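Novice: Sending over query-v1.tsv (TSV, C-alpha atoms and all ligand atoms).
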```
chain	number	residue	atom	x	y	z
H	1	MET	CA	0.00	0.00	0.00
H	2	THR	CA	2.95	2.29	0.69
H	3	THR	CA	5.91	2.95	-1.53
H	4	ALA	CA	9.06	4.48	-0.07
H	5	ILE	CA	9.81	7.70	-1.89
H	6	ALA	CA	11.90	9.80	0.51
H	7	PRO	CA	15.32	8.48	1.56
H	8	ALA	CA	15.26	6.61	4.87
H	9	ARG	CA	16.35	8.84	7.74
H	10	THR	CA	16.11	9.40	11.45
H	11	LEU	CA	15.30	12.58	13.33
H	12	ARG	CA	17.24	14.04	16.23
H	13	ILE	CA	15.47	16.38	18.63
H	14	GLY	CA	18.11	17.39	21.15
H	15	PRO	CA	19.35	14.17	22.72
H	16	ILE	CA	16.39	12.16	21.39
H	17	GLU	CA	17.05	10.09	18.30
H	18	LEU	CA	13.90	8.81	16.60
H	19	ASP	CA	13.86	5.81	14.26
H	20	ALA	CA	11.57	7.68	11.90
H	21	PRO	CA	11.17	11.44	11.32
H	22	VAL	CA	7.55	11.27	12.37
H	23	VAL	CA	5.62	13.04	15.11
H	24	LEU	CA	2.03	12.46	16.20
H	25	ALA	CA	0.46	15.93	16.31
H	26	PRO	CA	-0.95	16.99	19.66
H	27	MET	CA	-4.74	16.86	19.44
H	28	ALA	CA	-6.93	17.89	22.37
H	29	GLY	CA	-9.39	15.15	23.28
H	30	ILE	CA	-7.58	12.63	21.05
H	31	THR	CA	-3.88	12.15	21.84
H	32	ASN	CA	-4.28	10.86	25.37
H	33	THR	CA	-2.11	7.98	26.55
H	34	ALA	CA	-4.55	5.44	25.06
H	35	PHE	CA	-4.29	6.77	21.50
H	36	ARG	CA	-0.55	7.41	21.80
H	37	ARG	CA	0.07	3.84	22.93
H	38	LEU	CA	-2.03	2.50	20.08
H	39	CYS	CA	-0.17	4.57	17.46
H	40	ARG	CA	3.18	3.57	18.95
H	41	GLU	CA	2.24	-0.12	18.71
H	42	TYR	CA	2.20	0.28	14.92
H	43	GLY	CA	5.04	2.70	14.25
H	44	ALA	CA	8.07	4.70	15.27
H	45	GLY	CA	8.54	8.35	16.15
H	46	LEU	CA	7.43	10.82	18.79
H	47	TYR	CA	3.91	10.84	20.21
H	48	VAL	CA	2.93	14.18	21.74
H	49	SER	CA	0.28	14.63	24.45
H	50	GLU	CA	-2.76	16.80	23.97
H	51	MET	CA	-2.16	20.36	25.10
H	52	ILE	CA	-1.81	20.92	28.82
H	53	THR	CA	-2.52	24.34	30.24
H	54	THR	CA	0.51	25.66	32.15
H	55	ARG	CA	-1.61	27.28	34.84
H	56	ALA	CA	-3.55	24.07	35.51
H	57	LEU	CA	-0.27	22.17	35.69
H	58	VAL	CA	1.32	24.60	38.09
H	59	GLU	CA	-1.84	24.43	40.23
H	60	ARG	CA	-1.62	20.61	40.06
H	61	ASN	CA	-5.17	20.29	38.85
H	62	ALA	CA	-6.11	16.62	39.33
H	63	THR	CA	-7.31	16.08	35.73
H	64	THR	CA	-4.18	17.71	34.39
H	65	MET	CA	-1.90	15.56	36.51
H	66	ARG	CA	-3.66	12.49	35.12
H	67	LEU	CA	-3.30	13.80	31.55
H	68	ILE	CA	0.46	14.19	31.88
H	69	THR	CA	0.93	10.67	33.21
H	70	HIS	CA	2.50	8.33	30.69
H	71	HIS	CA	2.27	4.58	30.46
H	72	GLU	CA	5.57	2.79	31.13
H	73	SER	CA	5.75	1.76	27.44
H	74	GLU	CA	5.78	5.40	26.36
H	75	ARG	CA	9.37	6.50	25.83
H	76	PRO	CA	10.28	9.23	25.04
H	77	ARG	CA	7.52	10.92	27.06
H	78	SER	CA	6.33	14.02	25.24
H	79	ILE	CA	4.12	16.75	26.69
H	80	GLN	CA	2.71	19.81	24.97
H	81	LEU	CA	2.15	22.92	27.07
H	82	TYR	CA	-0.09	25.87	26.33
H	83	GLY	CA	0.73	29.08	28.17
H	84	VAL	CA	0.64	32.83	27.72
H	85	ASP	CA	2.62	33.97	30.72
H	86	PRO	CA	6.43	33.63	30.86
H	87	ALA	CA	6.61	32.98	34.61
H	88	THR	CA	3.82	30.38	34.63
H	89	THR	CA	5.23	28.65	31.57
H	90	GLU	CA	8.68	28.58	33.15
H	91	ALA	CA	7.20	27.14	36.36
H	92	ALA	CA	5.31	24.47	34.42
H	93	VAL	CA	8.45	23.44	32.53
H	94	ARG	CA	10.44	23.38	35.76
H	95	LEU	CA	7.80	21.15	37.39
H	96	LEU	CA	7.99	18.65	34.51
H	97	VAL	CA	11.78	18.60	34.52
H	98	GLU	CA	12.41	18.55	38.27
H	99	GLU	CA	9.87	15.78	38.80
H	100	ASP	CA	11.16	13.83	35.78
H	101	ARG	CA	7.76	13.76	34.10
H	102	ALA	CA	8.80	14.39	30.47
H	103	ASP	CA	11.59	13.66	28.00
H	104	HIS	CA	10.38	16.28	25.52
H	105	ILE	CA	8.30	19.43	25.94
H	106	ASP	CA	6.51	21.25	23.14
H	107	LEU	CA	5.00	24.73	23.38
H	108	ASN	CA	1.76	25.39	21.51
H	109	PHE	CA	1.52	28.69	19.64
H	110	GLY	CA	-0.92	27.48	17.00
H	111	CYS	CA	-4.36	27.40	18.58
H	112	PRO	CA	-6.87	29.28	16.34
H	113	VAL	CA	-9.91	28.91	18.62
H	114	PRO	CA	-11.63	32.32	19.05
H	115	LYS	CA	-11.91	32.08	22.84
H	116	VAL	CA	-8.10	31.67	22.93
H	117	THR	CA	-7.04	34.22	20.29
H	118	ARG	CA	-9.57	36.78	21.59
H	119	LYS	CA	-7.39	37.06	24.67
H	120	GLY	CA	-4.13	37.10	22.75
H	121	GLY	CA	-3.27	33.43	23.26
H	122	GLY	CA	-2.50	30.63	20.81
H	123	ALA	CA	-1.76	31.70	17.25
H	124	ALA	CA	-2.25	35.37	18.19
H	125	LEU	CA	0.64	35.39	20.65
H	126	PRO	CA	3.75	35.32	18.40
H	127	TRP	CA	2.58	38.67	17.00
H	128	LYS	CA	3.93	40.13	20.24
H	129	LEU	CA	7.59	39.48	19.59
H	130	GLY	CA	8.94	40.37	23.04
H	131	LEU	CA	6.37	38.26	24.87
H	132	PHE	CA	6.99	35.31	22.56
H	133	ARG	CA	10.76	35.64	23.05
H	134	ASP	CA	10.35	35.85	26.81
H	135	ILE	CA	8.16	32.74	27.05
H	136	VAL	CA	10.34	30.60	24.81
H	137	THR	CA	13.65	31.78	26.30
H	138	ARG	CA	12.56	31.18	29.88
H	139	ALA	CA	10.99	27.83	29.01
H	140	ALA	CA	14.07	26.63	27.12
H	141	ARG	CA	16.33	27.68	30.01
H	142	ALA	CA	14.11	25.91	32.55
H	143	ALA	CA	14.01	22.80	30.36
H	144	GLY	CA	17.79	22.37	30.65
H	145	ASP	CA	18.72	19.06	29.01
H	146	VAL	CA	15.12	18.19	28.17
H	147	PRO	CA	14.57	19.28	24.56
H	148	LEU	CA	11.97	22.00	24.15
H	149	THR	CA	10.26	22.63	20.82
H	150	VAL	CA	7.78	25.14	19.47
H	151	LYS	CA	4.72	24.44	17.31
H	152	MET	CA	3.14	27.35	15.52
H	153	ARG	CA	0.98	28.50	12.60
H	154	LYS	CA	2.05	30.82	9.79
H	155	GLY	CA	0.50	33.76	11.56
H	156	ILE	CA	-2.77	35.47	12.31
H	157	ASP	CA	-3.83	36.03	8.70
H	158	SER	CA	-2.08	36.53	5.37
H	159	ASP	CA	-1.33	40.19	6.22
H	160	HIS	CA	0.05	39.36	9.64
H	161	LEU	CA	2.48	36.47	9.27
H	162	THR	CA	4.63	35.59	12.26
H	163	TYR	CA	6.33	32.27	11.53
H	164	LEU	CA	9.66	33.46	10.16
H	165	ASP	CA	10.27	35.90	13.04
H	166	ALA	CA	9.05	33.31	15.53
H	167	GLY	CA	11.30	30.65	13.99
H	168	ARG	CA	14.36	32.89	14.30
H	169	ILE	CA	13.50	33.87	17.87
H	170	ALA	CA	12.89	30.27	18.91
H	171	GLU	CA	16.18	29.19	17.34
H	172	ASP	CA	18.04	31.94	19.23
H	173	ALA	CA	16.24	30.95	22.44
H	174	GLY	CA	17.70	27.47	22.24
H	175	VAL	CA	14.80	25.29	21.12
H	176	ALA	CA	15.57	21.80	19.79
H	177	ALA	CA	13.19	22.00	16.80
H	178	VAL	CA	10.37	24.09	15.37
H	179	ALA	CA	7.17	22.77	13.80
H	180	LEU	CA	4.94	24.69	11.41
H	181	HIS	CA	1.27	24.02	10.71
H	182	ALA	CA	1.30	25.81	7.39
H	183	ARG	CA	-1.95	27.71	7.79
H	184	THR	CA	-2.84	31.02	9.41
H	185	ALA	CA	-5.28	31.23	12.31
H	186	ALA	CA	-7.77	32.85	9.92
H	187	GLU	CA	-7.70	29.75	7.75
H	188	PHE	CA	-8.57	27.53	10.69
H	189	TYR	CA	-8.45	24.06	9.04
H	190	SER	CA	-9.81	25.13	5.64
H	191	GLY	CA	-8.22	25.00	2.21
H	192	GLN	CA	-4.80	23.51	1.70
H	193	ALA	CA	-1.78	23.84	3.93
H	194	ASP	CA	0.87	26.07	2.34
H	195	TRP	CA	3.80	23.64	2.10
H	196	PRO	CA	6.07	26.23	0.40
H	197	ALA	CA	5.94	28.14	3.72
H	198	ILE	CA	7.55	25.10	5.37
H	199	ALA	CA	10.36	25.31	2.78
H	200	LYS	CA	10.76	29.02	3.60
H	201	LEU	CA	11.00	28.27	7.32
H	202	LYS	CA	13.57	25.57	6.57
H	203	GLU	CA	15.67	28.20	4.75
H	204	THR	CA	15.31	30.57	7.71
H	205	VAL	CA	15.91	28.21	10.62
H	206	THR	CA	19.14	26.42	9.88
H	207	SER	CA	20.58	25.15	13.16
H	208	VAL	CA	17.73	22.94	14.43
H	209	PRO	CA	15.26	20.61	12.69
H	210	VAL	CA	12.19	22.09	11.02
H	211	LEU	CA	9.10	19.89	11.10
H	212	GLY	CA	6.30	20.26	8.57
H	213	ASN	CA	2.64	19.91	9.44
H	214	GLY	CA	-0.62	20.10	7.53
H	215	ASP	CA	-2.61	17.81	5.25
H	216	ILE	CA	-0.60	14.60	5.43
H	217	TRP	CA	-3.21	11.92	4.75
H	218	SER	CA	-0.90	9.09	3.71
H	219	ALA	CA	2.73	8.00	3.86
H	220	GLU	CA	3.09	9.16	0.26
H	221	ASP	CA	1.99	12.67	1.32
H	222	ALA	CA	4.58	12.62	4.11
H	223	ALA	CA	7.37	11.57	1.76
H	224	ARG	CA	6.28	14.23	-0.73
H	225	MET	CA	6.28	16.94	1.96
H	226	MET	CA	9.83	16.01	2.95
H	227	VAL	CA	11.03	16.06	-0.66
H	228	GLU	CA	9.18	19.24	-1.64
H	229	THR	CA	9.98	21.32	1.44
H	230	GLY	CA	13.29	19.84	2.64
H	231	CYS	CA	11.79	19.59	6.13
H	232	ASP	CA	13.50	17.29	8.63
H	233	GLY	CA	10.38	15.51	9.80
H	234	VAL	CA	6.61	15.48	9.60
H	235	VAL	CA	3.88	16.07	12.17
H	236	VAL	CA	0.71	14.11	11.44
H	237	GLY	CA	-2.67	14.97	12.95
H	238	ARG	CA	-6.04	14.31	11.34
H	239	GLY	CA	-4.61	11.74	8.89
H	240	CYS	CA	-4.24	9.20	11.71
H	241	LEU	CA	-7.75	9.62	13.12
H	242	GLY	CA	-9.27	6.14	12.91
H	243	ARG	CA	-6.02	4.97	11.30
H	244	PRO	CA	-3.36	4.57	14.01
H	245	TRP	CA	-1.56	2.07	11.78
H	246	LEU	CA	-0.63	5.01	9.51
H	247	PHE	CA	2.42	5.28	11.79
H	248	GLY	CA	3.54	1.86	10.52
H	249	ASP	CA	3.20	3.03	6.92
H	250	LEU	CA	5.06	6.25	7.80
H	251	ALA	CA	7.91	4.37	9.48
H	252	ARG	CA	8.25	2.10	6.46
H	253	ALA	CA	8.16	5.00	4.00
H	254	LEU	CA	10.39	7.42	5.90
H	255	GLY	CA	12.23	5.61	8.66
H	256	GLN	CA	15.12	3.28	9.07
H	257	PRO	CA	14.70	-0.20	7.64
H	258	GLY	CA	13.50	-2.37	10.50
H	259	ALA	CA	11.85	0.54	12.30
H	260	ALA	CA	8.58	-1.30	11.88
H	261	SER	CA	7.52	-4.66	10.52
H	262	ALA	CA	8.33	-5.00	6.81
H	263	GLU	CA	4.81	-6.31	6.12
H	264	PRO	CA	2.56	-3.63	4.60
H	265	VAL	CA	-0.66	-3.02	6.46
H	266	ASP	CA	-3.52	-4.96	4.91
H	267	ALA	CA	-6.38	-2.95	6.35
H	268	THR	CA	-9.24	-5.41	5.93
H	269	LEU	CA	-12.35	-4.65	7.96
H	270	GLY	CA	-11.17	-7.32	10.42
H	271	PHE	CA	-7.88	-5.43	10.88
H	272	VAL	CA	-9.76	-2.17	11.45
H	273	ALA	CA	-12.13	-3.85	13.91
H	274	ARG	CA	-9.17	-5.16	15.95
H	275	ALA	CA	-7.57	-1.68	16.06
H	276	PHE	CA	-10.89	-0.15	17.13
H	277	ARG	CA	-11.35	-2.78	19.86
H	278	ARG	CA	-7.79	-2.22	21.12
H	279	HIS	CA	-8.36	1.55	21.16
H	280	ALA	CA	-11.53	1.09	23.23
H	281	GLU	CA	-9.74	-1.22	25.65
H	282	LEU	CA	-6.87	1.29	26.10
H	283	LEU	CA	-9.40	4.09	26.70
H	284	VAL	CA	-11.12	2.02	29.38
H	285	GLU	CA	-7.72	1.52	31.01
H	286	PHE	CA	-6.93	5.26	30.74
H	287	PHE	CA	-10.23	6.40	32.24
H	288	GLU	CA	-10.27	3.48	34.71
H	289	ASP	CA	-13.95	3.32	33.87
H	290	GLU	CA	-15.58	1.14	31.21
H	291	VAL	CA	-18.50	3.48	30.51
H	292	ARG	CA	-16.30	6.57	30.16
H	293	GLY	CA	-13.81	4.74	27.94
H	294	CYS	CA	-16.58	3.42	25.70
H	295	ARG	CA	-18.21	6.83	25.60
H	296	ASP	CA	-14.92	8.31	24.40
H	297	ILE	CA	-14.45	5.73	21.61
H	298	ARG	CA	-17.78	6.81	20.11
H	299	LYS	CA	-16.25	9.88	18.48
H	300	HIS	CA	-13.77	7.67	16.63
H	301	VAL	CA	-16.35	5.34	15.01
H	302	ALA	CA	-16.89	7.28	11.77
H	303	TRP	CA	-13.14	7.73	11.29
H	304	TYR	CA	-12.37	4.02	11.67
H	305	LEU	CA	-15.20	2.93	9.39
H	306	LYS	CA	-14.73	5.57	6.66
H	307	GLY	CA	-15.14	3.83	3.29
H	308	TYR	CA	-15.90	0.35	4.69
H	309	PRO	CA	-19.13	-1.53	3.93
H	310	VAL	CA	-20.80	-1.11	7.32
H	311	GLY	CA	-24.51	-0.30	7.49
H	312	GLY	CA	-25.97	2.76	9.15
H	313	GLU	CA	-27.57	0.77	11.94
H	314	VAL	CA	-24.31	-0.78	13.14
H	315	ARG	CA	-22.53	2.56	12.80
H	316	ALA	CA	-25.22	4.25	14.90
H	317	ALA	CA	-25.12	1.47	17.50
H	318	LEU	CA	-21.31	1.70	17.76
H	319	ALA	CA	-21.67	5.45	18.27
H	320	THR	CA	-23.72	4.83	21.42
H	321	VAL	CA	-21.83	1.93	23.05
H	322	SER	CA	-21.27	1.79	26.80
H	323	SER	CA	-19.40	-1.48	27.26
H	324	LEU	CA	-16.66	-3.57	25.67
H	325	SER	CA	-19.00	-6.55	25.34
H	326	GLU	CA	-21.43	-4.39	23.36
H	327	ILE	CA	-18.54	-3.45	21.09
H	328	ASP	CA	-17.59	-7.10	20.66
H	329	ASP	CA	-21.16	-8.05	19.77
H	330	LEU	CA	-21.41	-5.28	17.17
H	331	LEU	CA	-17.99	-5.96	15.65
H	332	GLY	CA	-19.00	-9.63	15.47
H	333	THR	CA	-21.78	-8.74	13.04
H	334	LEU	CA	-19.35	-7.24	10.50
H	335	ASP	CA	-17.94	-8.93	7.42
H	336	LEU	CA	-14.42	-9.03	8.81
H	337	ASP	CA	-13.00	-10.34	5.52
H	338	ALA	CA	-14.16	-7.23	3.65
H	339	PRO	CA	-11.03	-5.90	1.91
H	340	TYR	CA	-9.47	-2.49	2.25
H	341	PRO	CA	-11.75	-0.24	0.16
H	342	GLY	CA	-9.00	1.94	-1.34
H	343	ALA	CA	-9.79	5.55	-2.19
H	344	ALA	CA	-13.05	5.54	-0.20
H	345	ALA	CA	-11.03	5.12	3.01
H	346	GLU	CA	-8.41	7.71	2.08
H	347	GLY	CA	-8.31	11.50	1.98
H	348	GLN	CA	-9.41	14.17	4.40
H	349	ARG	CA	-10.94	13.31	7.78
H	350	GLY	CA	-11.53	15.30	10.95
H	351	ARG	CA	-11.93	19.06	11.22
H	352	ALA	CA	-12.13	21.22	8.10
H	353	GLY	CA	-13.97	24.45	8.92
H	354	THR	CA	-14.25	27.65	7.00
H	355	PRO	CA	-11.96	30.68	7.09
H	356	LYS	CA	-12.93	33.29	9.70
H	357	ARG	CA	-11.54	36.60	10.77
H	358	PRO	CA	-9.64	35.82	13.95
H	359	ALA	CA	-11.01	37.26	17.17
H	360	LEU	CA	-8.28	39.37	18.82
H	361	PRO	CA	-8.00	41.75	21.77
H	362	ASP	CA	-8.73	45.39	20.83
H	363	GLY	CA	-5.80	47.03	19.09
H	364	TRP	CA	-3.74	43.79	19.11
H	365	LEU	CA	-2.49	44.27	15.55
H	366	ASN	CA	-1.52	47.95	15.96
H	367	THR	CA	1.86	47.19	17.44
H	368	ARG	CA	4.11	44.20	17.92
H	369	ASP	CA	4.96	45.36	21.44
H	370	LEU	CA	2.88	44.27	24.38
H	371	GLY	CA	1.08	47.33	25.75
H	372	ALA	CA	-0.74	47.55	29.07
H	373	GLU	CA	-4.09	46.83	27.42
H	374	ALA	CA	-2.85	43.66	25.77
H	375	SER	CA	-1.30	42.54	29.05
H	376	CYS	CA	-4.73	42.81	30.68
H	377	ALA	CA	-6.33	40.69	27.95
H	378	LEU	CA	-3.66	38.06	28.41
H	379	ALA	CA	-4.01	37.98	32.17
H	380	ASP	CA	-7.02	35.68	31.92
H	381	ALA	CA	-6.21	33.97	28.62
H	382	GLU	CA	-5.72	30.64	30.34
H	383	LEU	CA	-8.63	30.76	32.75
H	384	ASP	CA	-11.08	29.00	30.43
H	385	HIS	CA	-8.72	26.10	30.05
H	386	SER	CA	-8.13	24.86	33.53
H	387	GLY	CA	-8.05	21.10	33.46
H	388	GLY	CA	-5.79	20.85	30.43
W	1	LIG	C1	-9.24	17.66	17.21
W	1	LIG	C2	-7.97	18.45	17.10
W	1	LIG	C3	-7.35	18.89	18.27
W	1	LIG	C4	-6.16	19.63	18.19
W	1	LIG	N1	-5.54	19.98	19.34
W	1	LIG	C5	-4.30	20.57	19.28
W	1	LIG	C6	-3.53	20.79	20.46
W	1	LIG	O1	-3.94	20.46	21.58
W	1	LIG	N2	-2.32	21.40	20.30
W	1	LIG	C7	-1.82	21.77	19.07
W	1	LIG	O2	-0.71	22.31	18.98
W	1	LIG	N3	-2.53	21.55	17.95
W	1	LIG	C8	-3.72	20.93	18.03
W	1	LIG	N4	-4.40	20.63	16.87
W	1	LIG	C9	-3.75	20.93	15.57
W	1	LIG	C10	-2.94	19.72	15.09
W	1	LIG	O3	-1.88	19.43	15.98
W	1	LIG	C11	-2.36	19.97	13.69
W	1	LIG	O4	-1.49	21.07	13.74
W	1	LIG	C12	-3.45	20.24	12.65
W	1	LIG	O5	-4.50	19.31	12.76
W	1	LIG	C13	-2.86	20.19	11.22
W	1	LIG	O6	-2.29	18.95	10.96
W	1	LIG	P1	-3.06	17.82	10.11
W	1	LIG	O7	-3.41	18.42	8.77
W	1	LIG	O8	-2.08	16.68	10.01
W	1	LIG	O9	-4.29	17.47	10.87
W	1	LIG	C14	-5.59	19.93	16.93
W	1	LIG	C15	-6.24	19.51	15.77
W	1	LIG	C16	-7.40	18.76	15.84
W	1	LIG	C17	-8.04	18.28	14.55
```
Spit out the file's structure as structure tokens when you get a sec.
Specialist:
Amino acid sequence: MTTAIAPARTLRIGPIELDAPVVLAPMAGITNTAFRRLCREYGAGLYVSEMITTRALVERNATTMRLITHHESERPRSIQLYGVDPATTEAAVRLLVEEDRADHIDLNFGCPVPKVTRKGGGAALPWKLGLFRDIVTRAARAAGDVPLTVKMRKGIDSDHLTYLDAGRIAEDAGVAAVALHARTAAEFYSGQADWPAIAKLKETVTSVPVLGNGDIWSAEDAARMMVETGCDGVVVGRGCLGRPWLFGDLARALGQPGAASAEPVDATLGFVARAFRRHAELLVEFFEDEVRGCRDIRKHVAWYLKGYPVGGEVRAALATVSSLSEIDDLLGTLDLDAPYPGAAAEGQRGRAGTPKRPALPDGWLNTRDLGAEASCALADAELDHSGG
């Protein structure tokens, strides 16, 4: 199913050497330990947590402390932080490092959600150069030997691009890599990611790896991004929703020989059903609660079954399951020998959205310095996100 196009290579992020230049994109509500373990079982690379709010971490919010806990099989342990305040971000990084809770820390500067950008957080923040520099510099210093990376968007909109400045600043601050989701906040998840922007960042940031992100739906896409942009690795988000085995295909296409089994994935419906069942079981373990775990797997049903001959009734029933035995009964009704359906199972999945004018604090775009007014907006930019 997968043909190797790009030359086999590894990726080094600080002291971490990965067998394949592949990173699972942080996705809130998705990349918990259950999904990360599942993806890792198929492939090689780095598997990043969903974003963790620095304030909630520093306050040791119980949910947050659970979210940052890795399974013993998860090495290296990777945690993404979201913060807007240099001191809180530094304290959160210090907590992770001093308590030996992470082997890699990523900072999120790409969130386009209006309730975040309205207060100057997420993708709006790198517009304020001094604040961005302060957060990244203090975080990188606090991280010490633990590699710290930055994930960002191109900017706020096409007239207010930030990624090249942010890339240079992050490089100077001592980050171990930078990742670019090649869209602006205004684009949300619409249209096509601007891969040439990844090439431009690669020309700008020369001393640490540049990772490309956006619209990788297959291993061939990943290989093509690496060839077309010269990026050092890929970050894959929506493409692996309902397809955790994509990480096996990616390792075979991009990684070292032997990084994953040489057998190509034969994604029959039986294969998909086993992956779905395993995902549900890992979610039950993560939540320590069968009903909660099964409730969480519901959102993955349509992604797993995309393109497969499964009737509406079974799909609907799977989307309301509350127990593993219910799942087993429903999966037992499927034609498990049904072959991989090809194009019908491929292509876009997950969020798309339409372009919107980003919500920003008043006067945010007037200056790239942080004035008193902008500081006030930022003061409560994390409050909505307690709990990670
Ligand atoms: C459901 C969902 C949740 C996301 N949560 C986060 C997050 O917590 N942190 C982050 O940096 N990006 C987050 N993203 C953005 C992804 O990491 C990624 O940059 C984006 O989906 C583009 O990559 P893709 O085209 O491979 O999906 C999220 C995306 C989705 C679809």
Novice: Using all atoms listed in the file, what table do you get, as a Markdown table, when you list each residue of chain H with an atom no more than 7 Å from ligand LIG 1 (chain W), its nearest pair of atoms, and their distance in Å rounded to one decimal, rows by chain then rising number?
Specialist:
```
| residue | atom | partner | partner_atom | distance |
| --- | --- | --- | --- | --- |
| H:Ala25 | CA | W:LIG1 | O3 | 4.2 |
| H:Pro26 | CA | W:LIG1 | O3 | 4.5 |
| H:Met27 | CA | W:LIG1 | N1 | 3.2 |
| H:Ala28 | CA | W:LIG1 | N1 | 3.9 |
| H:Gly29 | CA | W:LIG1 | C1 | 6.6 |
| H:Ile30 | CA | W:LIG1 | C1 | 6.5 |
| H:Glu50 | CA | W:LIG1 | O1 | 4.5 |
| H:Met51 | CA | W:LIG1 | O1 | 3.9 |
| H:Asn108 | CA | W:LIG1 | O2 | 4.7 |
| H:Phe109 | CA | W:LIG1 | O2 | 6.8 |
| H:Gly110 | CA | W:LIG1 | O2 | 5.5 |
| H:Cys111 | CA | W:LIG1 | N3 | 6.2 |
| H:Lys151 | CA | W:LIG1 | O2 | 6.1 |
| H:His181 | CA | W:LIG1 | O4 | 5.0 |
| H:Asn213 | CA | W:LIG1 | O6 | 5.2 |
| H:Gly214 | CA | W:LIG1 | O7 | 3.5 |
| H:Asp215 | CA | W:LIG1 | O7 | 3.7 |
| H:Ile216 | CA | W:LIG1 | O8 | 5.2 |
| H:Val235 | CA | W:LIG1 | O8 | 6.4 |
| H:Val236 | CA | W:LIG1 | O8 | 4.1 |
| H:Gly237 | CA | W:LIG1 | O8 | 3.5 |
| H:Arg238 | CA | W:LIG1 | O9 | 3.6 |
| H:Gly239 | CA | W:LIG1 | O8 | 5.7 |
| H:Gly350 | CA | W:LIG1 | C17 | 5.8 |
| H:Arg351 | CA | W:LIG1 | C17 | 5.2 |
```
Novice: Between H:Leu360, H:Ala344, H:Gly371, H:Gly353, which is the closest to Lys115 (chain H) once you count only C-alpha atoms?
Specialist: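 The shortest atom-to-atom distance to Lys115 (chain H) comes from H:Leu360.
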Novice: Tell me, as a ChimeraX atom specification, which residues lie within 9 Å of region 337-339 of chain H, counting all atoms listed in the file; anything in the same chain fewer than 3 positions away does not count.
Specialist: /H:266-271,308-309,334,342
Novice: Quick check, in Å to one decimal: how far apart do CA of Pro86 (chain H) and CA of Leu24 (chain H) lie?
Specialist: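 Taking CA of Pro86 (chain H) as the start and CA of Leu24 (chain H) as the end point, the length is 26.1 Å.
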Novice: If I take CA of Asp172 (chain H) and CA of Asp134 (chain H), how far is one from the other in Å, to one decimal?
Specialist: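 One can read the CA of Asp172 (chain H) to CA of Asp134 (chain H) distance as 11.5 Å.
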Novice: So, with only C-alpha atoms as the atoms that count, which of H:Lys200, H:Arg37, H:Arg75, H:Arg66 lies closest to Glu17 (chain H)?
Specialist: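 Using only C-alpha atoms, Glu17 (chain H) sits closest to H:Arg75.
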Novice: One number please: CA of Ala343 (chain H) to CA of Ala219 (chain H), in Å, one decimal.
Specialist: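 Rounded to one decimal, the two atoms are 14.1 Å apart.
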Novice: Anything within 10 Å of (-22.7, 4.5, 16.2): list those residues as a list of chain:residue names, counting all atoms listed in the file and sticking to the file's coordinates.
Specialist: H:Ile297, H:Arg298, H:Lys299, H:His300, H:Val301, H:Ala302, H:Gly312, H:Glu313, H:Val314, H:Arg315, H:Ala316, H:Ala317, H:Leu318, H:Ala319, H:Thr320, H:Val321, H:Leu330
Novice: Could you check the closest approach to Tyr189 (chain H) for each of H:Pro358, H:Gly14, H:Gly83, H:Pro112 and tell me which residue wins, using all atoms listed in the file?
Specialist: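 With all atoms listed in the file as the atom set, the closest residue is H:Pro112.
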Novice: Which polymer residues, protein or nucleic acid, are no farther than 9 Å from (-0.5, 27.6, 35.3), counting all atoms listed in the file, as an mmCIF file with C-alpha atoms, in the coordinates of the input?
Specialist:
```
data_model
loop_
_atom_site.group_PDB
_atom_site.id
_atom_site.type_symbol
_atom_site.label_atom_id
_atom_site.label_comp_id
_atom_site.auth_asym_id
_atom_site.auth_seq_id
_atom_site.Cartn_x
_atom_site.Cartn_y
_atom_site.Cartn_z
ATOM 1 C CA THR H 53 -2.520 24.340 30.240
ATOM 2 C CA THR H 54 0.510 25.660 32.150
ATOM 3 C CA ARG H 55 -1.610 27.280 34.840
ATOM 4 C CA ALA H 56 -3.550 24.070 35.510
ATOM 5 C CA LEU H 57 -0.270 22.170 35.690
ATOM 6 C CA VAL H 58 1.320 24.600 38.090
ATOM 7 C CA GLU H 59 -1.840 24.430 40.230
ATOM 8 C CA ARG H 60 -1.620 20.610 40.060
ATOM 9 C CA GLY H 83 0.730 29.080 28.170
ATOM 10 C CA ASP H 85 2.620 33.970 30.720
ATOM 11 C CA ALA H 87 6.610 32.980 34.610
ATOM 12 C CA THR H 88 3.820 30.380 34.630
ATOM 13 C CA THR H 89 5.230 28.650 31.570
ATOM 14 C CA ALA H 91 7.200 27.140 36.360
ATOM 15 C CA ALA H 92 5.310 24.470 34.420
ATOM 16 C CA GLU H 382 -5.720 30.640 30.340
ATOM 17 C CA SER H 386 -8.130 24.860 33.530
#
```
Novice: Can you tell me which residues surround Val23 (chain H) at a distance of at most 6 Å, considering all atoms listed in the file, apart from same-chain residues fewer than 6 positions away, and format the answer as a PyMOL selection string?
Specialist: chain H and resi 45-47+235
Novice: Return the single residue from H:Ala124, H:Val48, H:Ala372, H:Val205 that is closest to Val22 (chain H), with distances computed using only C-alpha atoms.
Specialist: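 Answer, going by the shortest atom-to-atom distance: H:Val48.
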Novice: Of the candidates H:Val84, H:Ala142, H:Ala223, H:Ile13, which one gets nearest to Thr117 (chain H) if we count all atoms listed in the file?
Specialist: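 Ranked by minimum distance to Thr117 (chain H), first place goes to H:Val84.
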Novice: Do you know which residues are at most 10 Å from region 281-289 of chain H counting all atoms listed in the file, after dropping those on the same chain fewer than 2 positions away, and could you put them as a list of chain:residue names?
Specialist: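 My list of contacting residues is H:Asn32, H:Thr33, H:Ala34, H:Phe35, H:Arg36, H:Arg37, H:Leu38, H:Arg66, H:Leu67, H:Thr69, H:His70, H:His71, H:Ala275, H:Phe276, H:Arg277, H:Arg278, H:His279, H:Val291, H:Arg292, H:Gly293, H:Cys294, H:Arg295, H:Asp296, H:Ile297, H:Ser323, H:Leu324.
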